[in-house]
file structure-v2.txt (compact mmCIF, C-alpha atoms and all ligand atoms)
# COMPACT_ATOMS: atom_id res chain seq x y z
CA MET O 1 19.68 34.70 75.39
CA LYS O 2 22.03 34.97 72.51
CA LYS O 3 23.92 37.76 70.81
CA MET O 4 22.47 39.25 67.67
CA VAL O 5 24.27 39.21 64.35
CA VAL O 6 25.70 42.61 63.40
CA PRO O 7 24.01 43.90 60.21
CA PRO O 8 26.30 43.90 57.15
CA THR O 9 28.22 47.01 56.13
CA ASP O 10 28.56 46.55 52.37
CA VAL O 11 26.80 49.92 52.44
CA SER O 12 28.21 51.76 55.47
CA TYR O 13 25.92 52.85 58.30
CA SER O 14 26.94 56.47 57.54
CA GLU O 15 25.91 56.08 53.93
CA ARG O 16 22.52 54.75 55.05
CA HIS O 17 22.04 57.84 57.22
CA LYS O 18 22.73 59.99 54.16
CA TYR O 19 20.16 57.98 52.17
CA VAL O 20 17.53 58.69 54.84
CA VAL O 21 18.26 62.43 54.78
CA ASN O 22 18.41 62.60 50.97
CA SER O 23 15.10 60.78 50.63
CA LYS O 24 13.30 63.62 52.41
CA SER O 25 11.37 66.06 50.21
CA ASN O 26 13.09 69.32 49.31
CA THR O 27 9.87 71.25 49.77
CA ILE O 28 6.75 70.96 51.90
CA LYS O 29 3.62 72.70 50.61
CA GLY O 30 5.77 74.74 48.25
CA GLU O 31 8.11 75.93 51.01
CA PRO O 32 11.70 74.74 51.50
CA ASN O 33 11.87 71.75 53.86
CA THR O 34 13.84 73.29 56.73
CA THR O 35 14.21 69.90 58.43
CA LYS O 36 16.12 68.57 55.43
CA ILE O 37 18.20 71.75 55.20
CA ASN O 38 19.11 71.41 58.90
CA LEU O 39 19.89 67.71 58.56
CA LEU O 40 22.22 68.35 55.62
CA ARG O 41 23.99 71.05 57.64
CA LEU O 42 24.36 68.68 60.62
CA GLU O 43 25.50 65.74 58.50
CA PRO O 44 29.29 66.13 58.99
CA GLN O 45 28.83 66.19 62.78
CA VAL O 46 26.48 63.22 62.66
CA LEU O 47 28.91 61.17 60.60
CA VAL O 48 31.72 61.86 63.08
CA ARG O 49 29.41 60.60 65.83
CA PHE O 50 28.65 57.49 63.80
CA ARG O 51 32.37 56.69 63.63
CA GLN O 52 32.84 57.37 67.35
CA PHE O 53 29.86 55.15 68.22
CA GLU O 54 31.22 52.30 66.10
CA GLN O 55 34.65 52.71 67.75
CA ALA O 56 33.09 52.67 71.23
CA ILE O 57 31.32 49.39 70.39
CA ALA O 58 34.52 47.85 69.00
CA GLN O 59 36.51 48.93 72.06
CA ASN O 60 33.77 48.00 74.57
CA THR O 61 33.65 51.60 75.88
CA LEU O 62 29.96 52.35 75.29
CA PHE O 63 29.54 53.21 78.98
CA ASP O 64 31.76 56.27 78.49
CA PHE O 65 30.16 57.37 75.23
CA PRO O 66 29.32 61.04 75.85
CA GLU O 67 26.22 62.94 74.83
CA ASN O 68 26.62 65.82 72.39
CA PRO O 69 24.66 68.90 73.57
CA ASP O 70 24.98 70.62 70.15
CA LEU O 71 23.19 67.72 68.51
CA ILE O 72 20.66 67.28 71.32
CA ALA O 73 19.66 70.90 70.61
CA HIS O 74 18.58 69.67 67.14
CA LYS O 75 16.73 66.67 68.50
CA ASP O 76 13.49 67.26 66.57
CA ASP O 77 15.22 67.39 63.19
CA LEU O 78 17.46 64.39 63.94
CA LEU O 79 14.63 62.24 65.30
CA SER O 80 12.58 62.92 62.18
CA CYS O 81 15.01 60.58 60.41
CA TYR O 82 13.54 57.76 62.50
CA THR O 83 9.96 58.86 63.04
CA GLY O 84 9.49 59.58 59.33
CA ARG O 85 9.61 55.79 58.68
CA THR O 86 10.59 56.41 55.07
CA LYS O 87 11.45 53.60 52.70
CA LYS O 88 15.15 54.13 53.51
CA VAL O 89 14.47 53.61 57.23
CA GLN O 90 12.46 50.48 56.47
CA GLU O 91 15.51 49.23 54.57
CA ILE O 92 17.60 49.63 57.73
CA PHE O 93 15.02 47.62 59.72
CA LYS O 94 15.08 44.93 57.05
CA LEU O 95 18.88 44.87 57.08
CA ILE O 96 18.83 44.21 60.83
CA GLU O 97 16.11 41.56 60.60
CA ASP O 98 17.60 39.73 57.61
CA ALA O 99 20.99 39.47 59.37
CA GLN O 100 19.49 37.30 62.15
CA PRO O 101 19.05 33.53 61.94
CA ILE O 102 15.63 32.42 60.68
CA ARG O 103 13.07 32.42 63.55
CA PHE O 104 15.47 34.24 65.92
CA LEU O 105 13.20 37.29 65.94
CA LYS O 106 10.16 35.26 66.91
CA ARG O 107 11.14 36.30 70.41
CA CYS O 108 12.31 39.61 71.83
CA PRO O 109 16.10 39.45 72.40
CA TYR O 110 15.71 41.36 75.69
CA CYS O 111 13.19 39.04 77.38
CA GLY O 112 13.00 35.95 75.16
CA ILE O 113 9.22 35.92 75.51
CA THR O 114 7.18 37.79 72.91
CA LEU O 115 7.44 39.03 69.35
CA PRO O 116 9.71 42.06 69.00
CA LYS O 117 7.37 44.52 67.33
CA THR O 118 9.24 47.72 68.20
CA TYR O 119 12.82 49.02 68.04
CA ASP O 120 14.70 50.10 71.12
CA HIS O 121 17.35 52.78 70.75
CA TYR O 122 20.04 51.25 72.96
CA LEU O 123 21.53 54.70 73.49
CA PRO O 124 18.25 56.55 74.11
CA GLU O 125 17.08 58.74 71.26
CA ALA O 126 16.35 61.64 73.62
CA HIS O 127 20.04 61.81 74.55
CA PHE O 128 21.61 60.56 71.32
CA PRO O 129 19.20 61.74 68.59
CA GLU O 130 21.99 61.67 65.99
CA LEU O 131 22.06 57.86 66.29
CA SER O 132 18.33 57.42 65.68
CA VAL O 133 18.83 55.46 62.45
CA HIS O 134 22.22 53.88 63.15
CA ALA O 135 21.57 50.14 62.70
CA LEU O 136 23.80 49.30 65.68
CA ASN O 137 21.68 51.49 67.94
CA LEU O 138 18.46 49.75 66.92
CA ILE O 139 17.50 46.59 68.78
CA PRO O 140 14.27 44.84 67.80
CA CYS O 141 12.34 44.30 71.02
CA CYS O 142 8.86 43.92 72.46
CA GLY O 143 6.82 46.90 73.64
CA THR O 144 7.08 45.87 77.29
CA CYS O 145 10.88 45.75 77.30
CA ASN O 146 11.07 48.92 75.23
CA SER O 147 8.91 50.94 77.61
CA THR O 148 10.58 49.47 80.71
CA LYS O 149 14.07 50.27 79.47
CA ASN O 150 12.94 53.68 78.21
CA ILE O 151 15.79 56.20 78.58
CA PHE O 152 17.62 54.11 81.16
CA TRP O 153 20.75 52.39 79.96
CA LYS O 154 23.39 52.92 82.65
CA ASN O 155 23.95 53.92 86.25
CA ASN O 156 27.02 55.54 87.82
CA THR O 157 29.19 52.49 87.46
CA HIS O 158 27.99 50.29 84.61
CA ARG O 159 25.51 49.79 81.78
CA THR O 160 22.24 48.33 83.08
CA PHE O 161 20.98 46.47 79.99
CA LEU O 162 22.70 43.99 77.72
CA TYR O 163 23.82 45.32 74.36
CA PHE O 164 22.95 42.41 72.12
CA TYR O 165 25.21 43.31 69.20
CA ALA O 166 28.40 43.09 71.22
CA ASP O 167 28.07 42.09 74.88
CA LEU O 168 29.47 38.78 75.90
CA ILE O 169 26.66 36.41 76.83
CA PRO O 170 28.31 33.52 78.65
CA ASN O 171 27.90 30.05 77.25
CA VAL O 172 27.54 28.57 80.71
CA GLN O 173 24.23 28.17 82.45
CA TYR O 174 23.30 31.02 84.78
CA ILE O 175 19.49 30.66 84.67
CA ASN O 176 18.26 27.80 86.81
CA VAL O 177 14.85 26.37 87.54
CA ASN O 178 13.38 24.16 90.24
CA ILE O 179 10.37 22.05 89.39
CA ILE O 180 7.75 22.28 92.12
CA THR O 181 5.32 19.40 92.40
CA GLY O 182 1.90 20.03 93.89
CA VAL O 183 -0.97 17.63 94.46
CA SER O 184 -2.56 18.17 91.07
CA ALA O 185 -0.14 20.43 89.19
CA ILE O 186 3.51 21.10 88.51
CA GLY O 187 5.03 24.55 88.70
CA ALA O 188 8.52 26.01 88.46
CA ARG O 189 10.65 28.61 90.16
CA PHE O 190 13.43 30.30 88.21
CA SER O 191 16.56 31.88 89.62
CA ILE O 192 19.69 33.55 88.31
CA GLN O 193 23.07 32.62 89.69
CA LYS O 194 26.56 33.81 88.87
CA PRO O 195 28.74 30.98 87.61
CA ILE O 196 32.24 31.09 89.10
CA ASN O 197 34.03 31.70 85.81
CA ILE O 198 32.11 34.81 84.71
CA GLN O 199 33.91 38.15 85.11
CA ASN O 200 32.26 40.66 87.43
CA SER O 201 32.22 43.31 84.70
CA VAL O 202 30.10 40.98 82.55
CA TRP O 203 27.92 39.79 85.41
CA VAL O 204 26.87 43.22 86.70
CA ILE O 205 25.36 44.12 83.32
CA LEU O 206 23.82 40.72 82.79
CA SER O 207 22.20 40.43 86.22
CA SER O 208 21.02 44.04 86.05
CA HIS O 209 19.37 43.32 82.69
CA TYR O 210 17.28 40.52 84.21
CA GLY O 211 16.54 42.56 87.33
CA LYS O 212 15.47 45.79 85.61
CA LEU O 213 13.15 43.93 83.26
CA GLY O 214 11.76 41.75 86.07
CA LEU O 215 12.39 38.69 83.94
CA ILE O 216 12.70 36.04 86.64
CA SER O 217 9.28 36.81 88.11
CA THR O 218 7.78 36.92 84.60
CA TYR O 219 9.28 33.52 83.80
CA ASN O 220 7.79 32.18 87.06
CA GLU O 221 4.36 33.47 86.01
CA LEU O 222 4.64 31.93 82.54
CA ALA O 223 6.08 28.60 83.67
CA SER O 224 2.83 26.75 84.38
CA ASP O 225 1.47 27.44 80.87
CA GLU O 226 4.71 26.22 79.33
CA ILE O 227 4.70 23.11 81.50
CA THR O 228 1.09 22.40 80.47
CA GLU O 229 2.12 22.68 76.81
CA VAL O 230 5.03 20.26 77.24
CA PHE O 231 2.84 17.99 79.38
CA ASN O 232 0.15 17.81 76.67
CA ALA O 233 2.76 17.08 74.01
CA CYS O 234 4.21 14.28 76.16
CA VAL O 235 0.80 12.73 76.84
CA SER O 236 0.04 12.74 73.08
CA HIS O 237 3.47 11.25 72.42
CA LEU O 238 2.80 8.33 74.80
CA ARG O 239 -0.75 7.83 73.55
CA CYS O 240 0.62 7.56 70.00
CA GLY O 241 2.94 4.76 71.06
CA GLY O 242 5.97 6.83 72.05
CA THR O 243 7.99 5.57 74.98
CA ASN O 244 10.85 7.76 76.07
CA ILE O 245 9.63 11.08 77.53
CA ARG O 246 13.12 12.32 78.29
CA ARG O 247 14.35 11.90 74.73
CA PHE O 248 11.08 13.35 73.38
CA VAL O 249 11.41 16.56 75.46
CA GLU O 250 15.12 16.85 74.63
CA GLU O 251 14.24 16.69 70.94
CA LEU O 252 11.60 19.37 71.47
CA LEU O 253 14.07 21.73 73.09
CA MET O 254 17.05 21.12 70.82
CA PRO O 255 16.10 23.58 68.03
CA GLU O 256 15.27 26.23 70.64
CA GLU O 257 18.64 25.75 72.32
CA VAL O 258 20.43 26.15 69.00
CA LEU O 259 18.47 29.32 68.26
CA TYR O 260 18.26 31.03 71.65
CA GLY O 261 21.09 29.50 73.67
CA ILE O 262 21.34 27.51 76.85
CA ASN O 263 20.07 30.32 79.05
CA HIS O 264 16.76 30.82 77.31
CA TRP O 265 14.08 30.31 79.97
CA ARG O 266 12.07 27.76 77.94
CA VAL O 267 15.20 25.76 77.15
CA VAL O 268 16.17 25.71 80.84
CA LEU O 269 12.65 24.70 81.83
CA MET O 270 12.34 21.91 79.26
CA LYS O 271 15.77 20.54 80.18
CA GLU O 272 14.66 20.27 83.77
CA LEU O 273 11.33 18.68 82.81
CA ALA O 274 13.18 16.13 80.66
CA VAL O 275 14.99 14.75 83.70
CA SER O 276 12.26 15.28 86.30
CA ALA O 277 10.98 11.99 87.75
CA GLU O 278 7.93 13.85 89.14
CA PHE O 279 7.07 15.23 85.70
CA ALA O 280 7.45 11.78 84.09
CA HIS O 281 5.23 10.30 86.80
CA PHE O 282 2.66 13.05 86.27
CA VAL O 283 2.60 12.40 82.51
CA ASN O 284 2.42 8.62 82.88
CA SER O 285 -0.44 8.83 85.34
CA ASN O 286 -2.47 10.87 82.85
CA VAL O 287 -2.04 8.68 79.77
ZN ZN O 301 10.86 41.80 75.54
call {"tool": "encode", "arguments": {"input": "structure-v2.txt", "output": "structure tokens", "more": "lines below"}}
Ligand SMILES: [Zn+2]
result
Amino acid sequence: MKKMVVPPTDVSYSERHKYVVNSKSNTIKGEPNTTKINLLRLEPQVLVRFRQFEQAIAQNTLFDFPENPDLIAHKDDLLSCYTGRTKKVQEIFKLIEDAQPIRFLKRCPYCGITLPKTYDHYLPEAHFPELSVHALNLIPCCGTCNSTKNIFWKNNTHRTFLYFYADLIPNVQYINVNIITGVSAIGARFSIQKPINIQNSVWVILSSHYGKLGLISTYNELASDEITEVFNACVSHLRCGGTNIRRFVEELLMPEEVLYGINHWRVVLMKELAVSAEFAHFVNSNV
């Protein structure tokens, strides 16, 4: 897990909202487009909310960011900015994607598993429709994480999912894995553990994120396939004259660690395989 890069603001997020509204047709089937008329009328209120949202992110006070009933009442018009998927909205998606390191978005930031083919509204669009095309409220993520998170983003005391544009993701290992050796196969069991030097306020959000998305059990399910992949690569390596399995696996994982951080489940797993005597024995006995 790693933070995402904040999309650039050479054109402000507010200005991009205006572009989306202005790109809508003035008429529909010869009649005035009432959605556009409403959006233009709401624009000053929306732009104030944009500024407040950006301030809340900067001051780490998102938890207290209030809903605005006046704007929720105009949910259909405001959400049409997003659902319309106009060229100007596509530009916002591209802005977000282009800001990330190459290959970073090969995996969903929420789970680190699959391709992020959807966008999650971190502050749910049903409650914050005015932020539907604010780049900082759009997190690329996979369909599974998106539907699991749904409208849930906080409980009575804290946010329940990581906010990848700003939350601190500790650079110490908190995901662990035990390699389990069977008679004819090797498996793994992941766990999450609070390191002593992580603040509680950070940990409650982080551990809730993994819990709500059921990530540890999903990693456990996926582990044997990943181990098989690394195993096959190691066997080929030895058969081609390679010698040092540990160094070979460490070289495999290095680019992933740079990209996704030390707590990415595959990085954690490969690091453990690199030093596992049982895994090395298993590979050697199959060459
Ligand atoms: Zn995901």
call {"tool": "closest_residue", "arguments": {"input": "structure-v2.txt", "among": "O:Ile216, O:Ala185, O:Val48, O:Ala280", "to": "Asn244 in chain O", "atoms": "only C-alpha atoms"}}
result
O:Ala280
call {"tool": "atom_distance", "arguments": {"input": "structure-v2.txt", "atom1": "CA of Glu226 in chain O", "atom2": "CA of Tyr165 in chain O"}}
result
28.5 Å
call {"tool": "closest_atom_pairs", "arguments": {"input": "structure-v2.txt", "of": "chain O", "to": "ligand ZN 301 (chain O)", "cutoff": "7 Å", "atoms": "all atoms listed in the file", "output": "CSV"}}
result
residue,atom,partner,partner_atom,distance
O:Cys108,CA,O:ZN301,ZN,4.5
O:Pro109,CA,O:ZN301,ZN,6.5
O:Tyr110,CA,O:ZN301,ZN,4.9
O:Cys111,CA,O:ZN301,ZN,4.1
O:Gly112,CA,O:ZN301,ZN,6.2
O:Ile113,CA,O:ZN301,ZN,6.1
O:Thr114,CA,O:ZN301,ZN,6.0
O:Pro116,CA,O:ZN301,ZN,6.6
O:Cys141,CA,O:ZN301,ZN,5.4
O:Cys142,CA,O:ZN301,ZN,4.2
O:Gly143,CA,O:ZN301,ZN,6.8
O:Thr144,CA,O:ZN301,ZN,5.8
O:Cys145,CA,O:ZN301,ZN,4.3
call {"tool": "closest_atom_pairs", "arguments": {"input": "structure-v2.txt", "of": "range 94-196 of chain O", "to": "range 32-43 of chain O", "cutoff": "12 Å", "atoms": "only C-alpha atoms", "output": "JSON lines"}}
result
{"residue": "O:Pro129", "atom": "CA", "partner": "O:Leu39", "partner_atom": "CA", "distance": 11.7}
{"residue": "O:Glu130", "atom": "CA", "partner": "O:Leu42", "partner_atom": "CA", "distance": 9.1}
{"residue": "O:Leu131", "atom": "CA", "partner": "O:Glu43", "partner_atom": "CA", "distance": 11.6}
call {"tool": "closest_residue", "arguments": {"input": "structure-v2.txt", "among": "O:Phe164, O:Tyr174, O:Phe248, O:Phe128", "to": "Lys3 in chain O", "atoms": "all atoms listed in the file"}}
result
O:Phe164
call {"tool": "residues_around", "arguments": {"input": "structure-v2.txt", "residues": "Leu206 in chain O", "least_positions_apart": "2", "cutoff": "10 Å", "atoms": "all atoms listed in the file", "output": "PyMOL selection string"}}
result
chain O and resi 159-163+167-170+174+192+194+200-204+208-211
call {"tool": "closest_residue", "arguments": {"input": "structure-v2.txt", "among": "O:Thr118, O:Ser23, O:Gln55, O:Asn220", "to": "Lys88 in chain O", "atoms": "all atoms listed in the file"}}
result
O:Ser23
call {"tool": "closest_residue", "arguments": {"input": "structure-v2.txt", "among": "O:Thr218, O:Gln45, O:Asn176, O:Asn22", "to": "Thr86 in chain O", "atoms": "all atoms listed in the file"}}
result
O:Asn22
call {"tool": "atom_distance", "arguments": {"input": "structure-v2.txt", "atom1": "CA of Pro124 in chain O", "atom2": "CA of Ile72 in chain O"}}
result
11.3 Å
call {"tool": "closest_residue", "arguments": {"input": "structure-v2.txt", "among": "O:Leu78, O:Ala233, O:Val6, O:Ile245", "to": "His127 in chain O", "atoms": "all atoms listed in the file"}}
result
O:Leu78
call {"tool": "residues_around", "arguments": {"input": "structure-v2.txt", "residues": "Tyr219 in chain O", "least_positions_apart": "6", "cutoff": "9 Å", "atoms": "all atoms listed in the file", "output": "NGL selection string"}}
result
:O and (113 or 188-190 or 265-266)
call {"tool": "residues_near_point", "arguments": {"input": "structure-v2.txt", "point": "(-2.9, 12.2, 79.2)", "cutoff": "10 Å", "atoms": "only C-alpha atoms", "output": "list in words"}}
result
Phe231, Asn232, Ala233, Cys234, Val235, Ser236, His237, Leu238, Arg239, Phe282, Val283, Asn284, Ser285, Asn286 and Val287 of chain O
call {"tool": "atom_distance", "arguments": {"input": "structure-v2.txt", "atom1": "CA of Phe53 in chain O", "atom2": "CA of Phe65 in chain O"}}
result
7.4 Å
call {"tool": "closest_residue", "arguments": {"input": "structure-v2.txt", "among": "O:Val11, O:Asp120, O:Lys75, O:Ala166", "to": "Asn150 in chain O", "atoms": "only C-alpha atoms"}}
result
O:Asp120
call {"tool": "residues_around", "arguments": {"input": "structure-v2.txt", "residues": "His17 in chain O", "least_positions_apart": "6", "cutoff": "9 Å", "atoms": "only C-alpha atoms", "output": "number ranges by chain"}}
result
O: 43, 46-47, 81, 88-89, 133-134
call {"tool": "write_last_selection", "arguments": {"input": "structure-v2.txt", "atoms": "C-alpha atoms", "output": "mmCIF file, keeping the file's coordinate frame"}}
result
data_model
loop_
_atom_site.group_PDB
_atom_site.id
_atom_site.type_symbol
_atom_site.label_atom_id
_atom_site.label_comp_id
_atom_site.auth_asym_id
_atom_site.auth_seq_id
_atom_site.Cartn_x
_atom_site.Cartn_y
_atom_site.Cartn_z
ATOM 1 C CA GLU O 43 25.500 65.740 58.500
ATOM 2 C CA VAL O 46 26.480 63.220 62.660
ATOM 3 C CA LEU O 47 28.910 61.170 60.600
ATOM 4 C CA CYS O 81 15.010 60.580 60.410
ATOM 5 C CA LYS O 88 15.150 54.130 53.510
ATOM 6 C CA VAL O 89 14.470 53.610 57.230
ATOM 7 C CA VAL O 133 18.830 55.460 62.450
ATOM 8 C CA HIS O 134 22.220 53.880 63.150
#
call {"tool": "residues_around", "arguments": {"input": "structure-v2.txt", "residues": "Ile92 in chain O", "least_positions_apart": "2", "cutoff": "10 Å", "atoms": "all atoms listed in the file", "output": "list in words"}}
result
Pro7, Tyr13, Arg16, His17, Val20, Lys87, Lys88, Val89, Gln90, Lys94, Leu95, Ile96, Glu97, Asp98, Val133, His134, Ala135 and Leu138 of chain O
call {"tool": "build_atoms", "arguments": {"input": "structure-v2.txt", "residues": "range 106-136 of chain O", "atoms": "N, CA and C atoms", "output": "PDB file, keeping the file's coordinate frame"}}
result
ATOM      1  N   LYS O 106      11.495  35.643  66.429  1.00  0.00           N
ATOM      2  CA  LYS O 106      10.160  35.260  66.910  1.00  0.00           C
ATOM      3  C   LYS O 106      10.026  35.637  68.377  1.00  0.00           C
ATOM      4  N   ARG O 107      11.158  35.921  68.995  1.00  0.00           N
ATOM      5  CA  ARG O 107      11.140  36.300  70.410  1.00  0.00           C
ATOM      6  C   ARG O 107      12.038  37.516  70.630  1.00  0.00           C
ATOM      7  N   CYS O 108      11.562  38.388  71.512  1.00  0.00           N
ATOM      8  CA  CYS O 108      12.310  39.610  71.830  1.00  0.00           C
ATOM      9  C   CYS O 108      13.682  39.246  72.405  1.00  0.00           C
ATOM     10  N   PRO O 109      14.771  39.785  71.855  1.00  0.00           N
ATOM     11  CA  PRO O 109      16.100  39.450  72.400  1.00  0.00           C
ATOM     12  C   PRO O 109      16.252  39.846  73.870  1.00  0.00           C
ATOM     13  N   TYR O 110      15.565  40.908  74.302  1.00  0.00           N
ATOM     14  CA  TYR O 110      15.710  41.360  75.690  1.00  0.00           C
ATOM     15  C   TYR O 110      15.103  40.382  76.698  1.00  0.00           C
ATOM     16  N   CYS O 111      13.886  39.874  76.390  1.00  0.00           N
ATOM     17  CA  CYS O 111      13.190  39.040  77.380  1.00  0.00           C
ATOM     18  C   CYS O 111      13.073  37.582  76.948  1.00  0.00           C
ATOM     19  N   GLY O 112      13.145  37.326  75.645  1.00  0.00           N
ATOM     20  CA  GLY O 112      13.000  35.950  75.160  1.00  0.00           C
ATOM     21  C   GLY O 112      11.568  35.449  75.237  1.00  0.00           C
ATOM     22  N   ILE O 113      10.612  36.365  75.316  1.00  0.00           N
ATOM     23  CA  ILE O 113       9.220  35.920  75.510  1.00  0.00           C
ATOM     24  C   ILE O 113       8.370  36.190  74.256  1.00  0.00           C
ATOM     25  N   THR O 114       8.180  37.459  73.947  1.00  0.00           N
ATOM     26  CA  THR O 114       7.180  37.790  72.910  1.00  0.00           C
ATOM     27  C   THR O 114       7.832  38.288  71.616  1.00  0.00           C
ATOM     28  N   LEU O 115       6.960  38.513  70.630  1.00  0.00           N
ATOM     29  CA  LEU O 115       7.440  39.030  69.350  1.00  0.00           C
ATOM     30  C   LEU O 115       8.014  40.437  69.518  1.00  0.00           C
ATOM     31  N   PRO O 116       9.178  40.700  68.935  1.00  0.00           N
ATOM     32  CA  PRO O 116       9.710  42.060  69.000  1.00  0.00           C
ATOM     33  C   PRO O 116       9.073  42.934  67.929  1.00  0.00           C
ATOM     34  N   LYS O 117       8.090  43.712  68.327  1.00  0.00           N
ATOM     35  CA  LYS O 117       7.370  44.520  67.330  1.00  0.00           C
ATOM     36  C   LYS O 117       7.808  45.989  67.329  1.00  0.00           C
ATOM     37  N   THR O 118       8.768  46.330  68.171  1.00  0.00           N
ATOM     38  CA  THR O 118       9.240  47.720  68.200  1.00  0.00           C
ATOM     39  C   THR O 118      10.765  47.708  68.064  1.00  0.00           C
ATOM     40  N   TYR O 119      11.349  48.900  68.004  1.00  0.00           N
ATOM     41  CA  TYR O 119      12.820  49.020  68.040  1.00  0.00           C
ATOM     42  C   TYR O 119      13.211  49.851  69.241  1.00  0.00           C
ATOM     43  N   ASP O 120      14.138  49.322  70.019  1.00  0.00           N
ATOM     44  CA  ASP O 120      14.700  50.100  71.120  1.00  0.00           C
ATOM     45  C   ASP O 120      15.950  50.808  70.610  1.00  0.00           C
ATOM     46  N   HIS O 121      16.068  52.091  70.967  1.00  0.00           N
ATOM     47  CA  HIS O 121      17.350  52.780  70.750  1.00  0.00           C
ATOM     48  C   HIS O 121      18.205  52.465  71.973  1.00  0.00           C
ATOM     49  N   TYR O 122      19.240  51.647  71.793  1.00  0.00           N
ATOM     50  CA  TYR O 122      20.040  51.250  72.960  1.00  0.00           C
ATOM     51  C   TYR O 122      20.569  52.487  73.676  1.00  0.00           C
ATOM     52  N   LEU O 123      21.214  53.386  72.921  1.00  0.00           N
ATOM     53  CA  LEU O 123      21.530  54.700  73.490  1.00  0.00           C
ATOM     54  C   LEU O 123      20.290  55.549  73.219  1.00  0.00           C
ATOM     55  N   PRO O 124      19.601  55.976  74.263  1.00  0.00           N
ATOM     56  CA  PRO O 124      18.250  56.550  74.110  1.00  0.00           C
ATOM     57  C   PRO O 124      18.217  57.717  73.119  1.00  0.00           C
ATOM     58  N   GLU O 125      17.174  57.731  72.312  1.00  0.00           N
ATOM     59  CA  GLU O 125      17.080  58.740  71.260  1.00  0.00           C
ATOM     60  C   GLU O 125      16.976  60.161  71.819  1.00  0.00           C
ATOM     61  N   ALA O 126      16.467  60.294  73.041  1.00  0.00           N
ATOM     62  CA  ALA O 126      16.350  61.640  73.620  1.00  0.00           C
ATOM     63  C   ALA O 126      17.731  62.218  73.928  1.00  0.00           C
ATOM     64  N   HIS O 127      18.698  61.346  74.188  1.00  0.00           N
ATOM     65  CA  HIS O 127      20.040  61.810  74.550  1.00  0.00           C
ATOM     66  C   HIS O 127      21.046  61.650  73.409  1.00  0.00           C
ATOM     67  N   PHE O 128      20.707  60.802  72.465  1.00  0.00           N
ATOM     68  CA  PHE O 128      21.610  60.560  71.320  1.00  0.00           C
ATOM     69  C   PHE O 128      20.795  60.580  70.028  1.00  0.00           C
ATOM     70  N   PRO O 129      20.120  61.710  69.745  1.00  0.00           N
ATOM     71  CA  PRO O 129      19.200  61.740  68.590  1.00  0.00           C
ATOM     72  C   PRO O 129      19.927  61.520  67.261  1.00  0.00           C
ATOM     73  N   GLU O 130      21.232  61.828  67.235  1.00  0.00           N
ATOM     74  CA  GLU O 130      21.990  61.670  65.990  1.00  0.00           C
ATOM     75  C   GLU O 130      22.157  60.207  65.598  1.00  0.00           C
ATOM     76  N   LEU O 131      21.912  59.289  66.573  1.00  0.00           N
ATOM     77  CA  LEU O 131      22.060  57.860  66.290  1.00  0.00           C
ATOM     78  C   LEU O 131      20.710  57.184  66.047  1.00  0.00           C
ATOM     79  N   SER O 132      19.697  57.987  65.733  1.00  0.00           N
ATOM     80  CA  SER O 132      18.330  57.420  65.680  1.00  0.00           C
ATOM     81  C   SER O 132      18.156  56.394  64.567  1.00  0.00           C
ATOM     82  N   VAL O 133      18.955  56.480  63.498  1.00  0.00           N
ATOM     83  CA  VAL O 133      18.830  55.460  62.450  1.00  0.00           C
ATOM     84  C   VAL O 133      20.137  54.680  62.244  1.00  0.00           C
ATOM     85  N   HIS O 134      21.018  54.725  63.234  1.00  0.00           N
ATOM     86  CA  HIS O 134      22.220  53.880  63.150  1.00  0.00           C
ATOM     87  C   HIS O 134      21.794  52.442  63.473  1.00  0.00           C
ATOM     88  N   ALA O 135      22.048  51.527  62.528  1.00  0.00           N
ATOM     89  CA  ALA O 135      21.570  50.140  62.700  1.00  0.00           C
ATOM     90  C   ALA O 135      22.054  49.543  64.021  1.00  0.00           C
ATOM     91  N   LEU O 136      23.266  49.902  64.459  1.00  0.00           N
ATOM     92  CA  LEU O 136      23.800  49.300  65.680  1.00  0.00           C
ATOM     93  C   LEU O 136      23.205  49.918  66.947  1.00  0.00           C
TER      94      LEU O 136
END
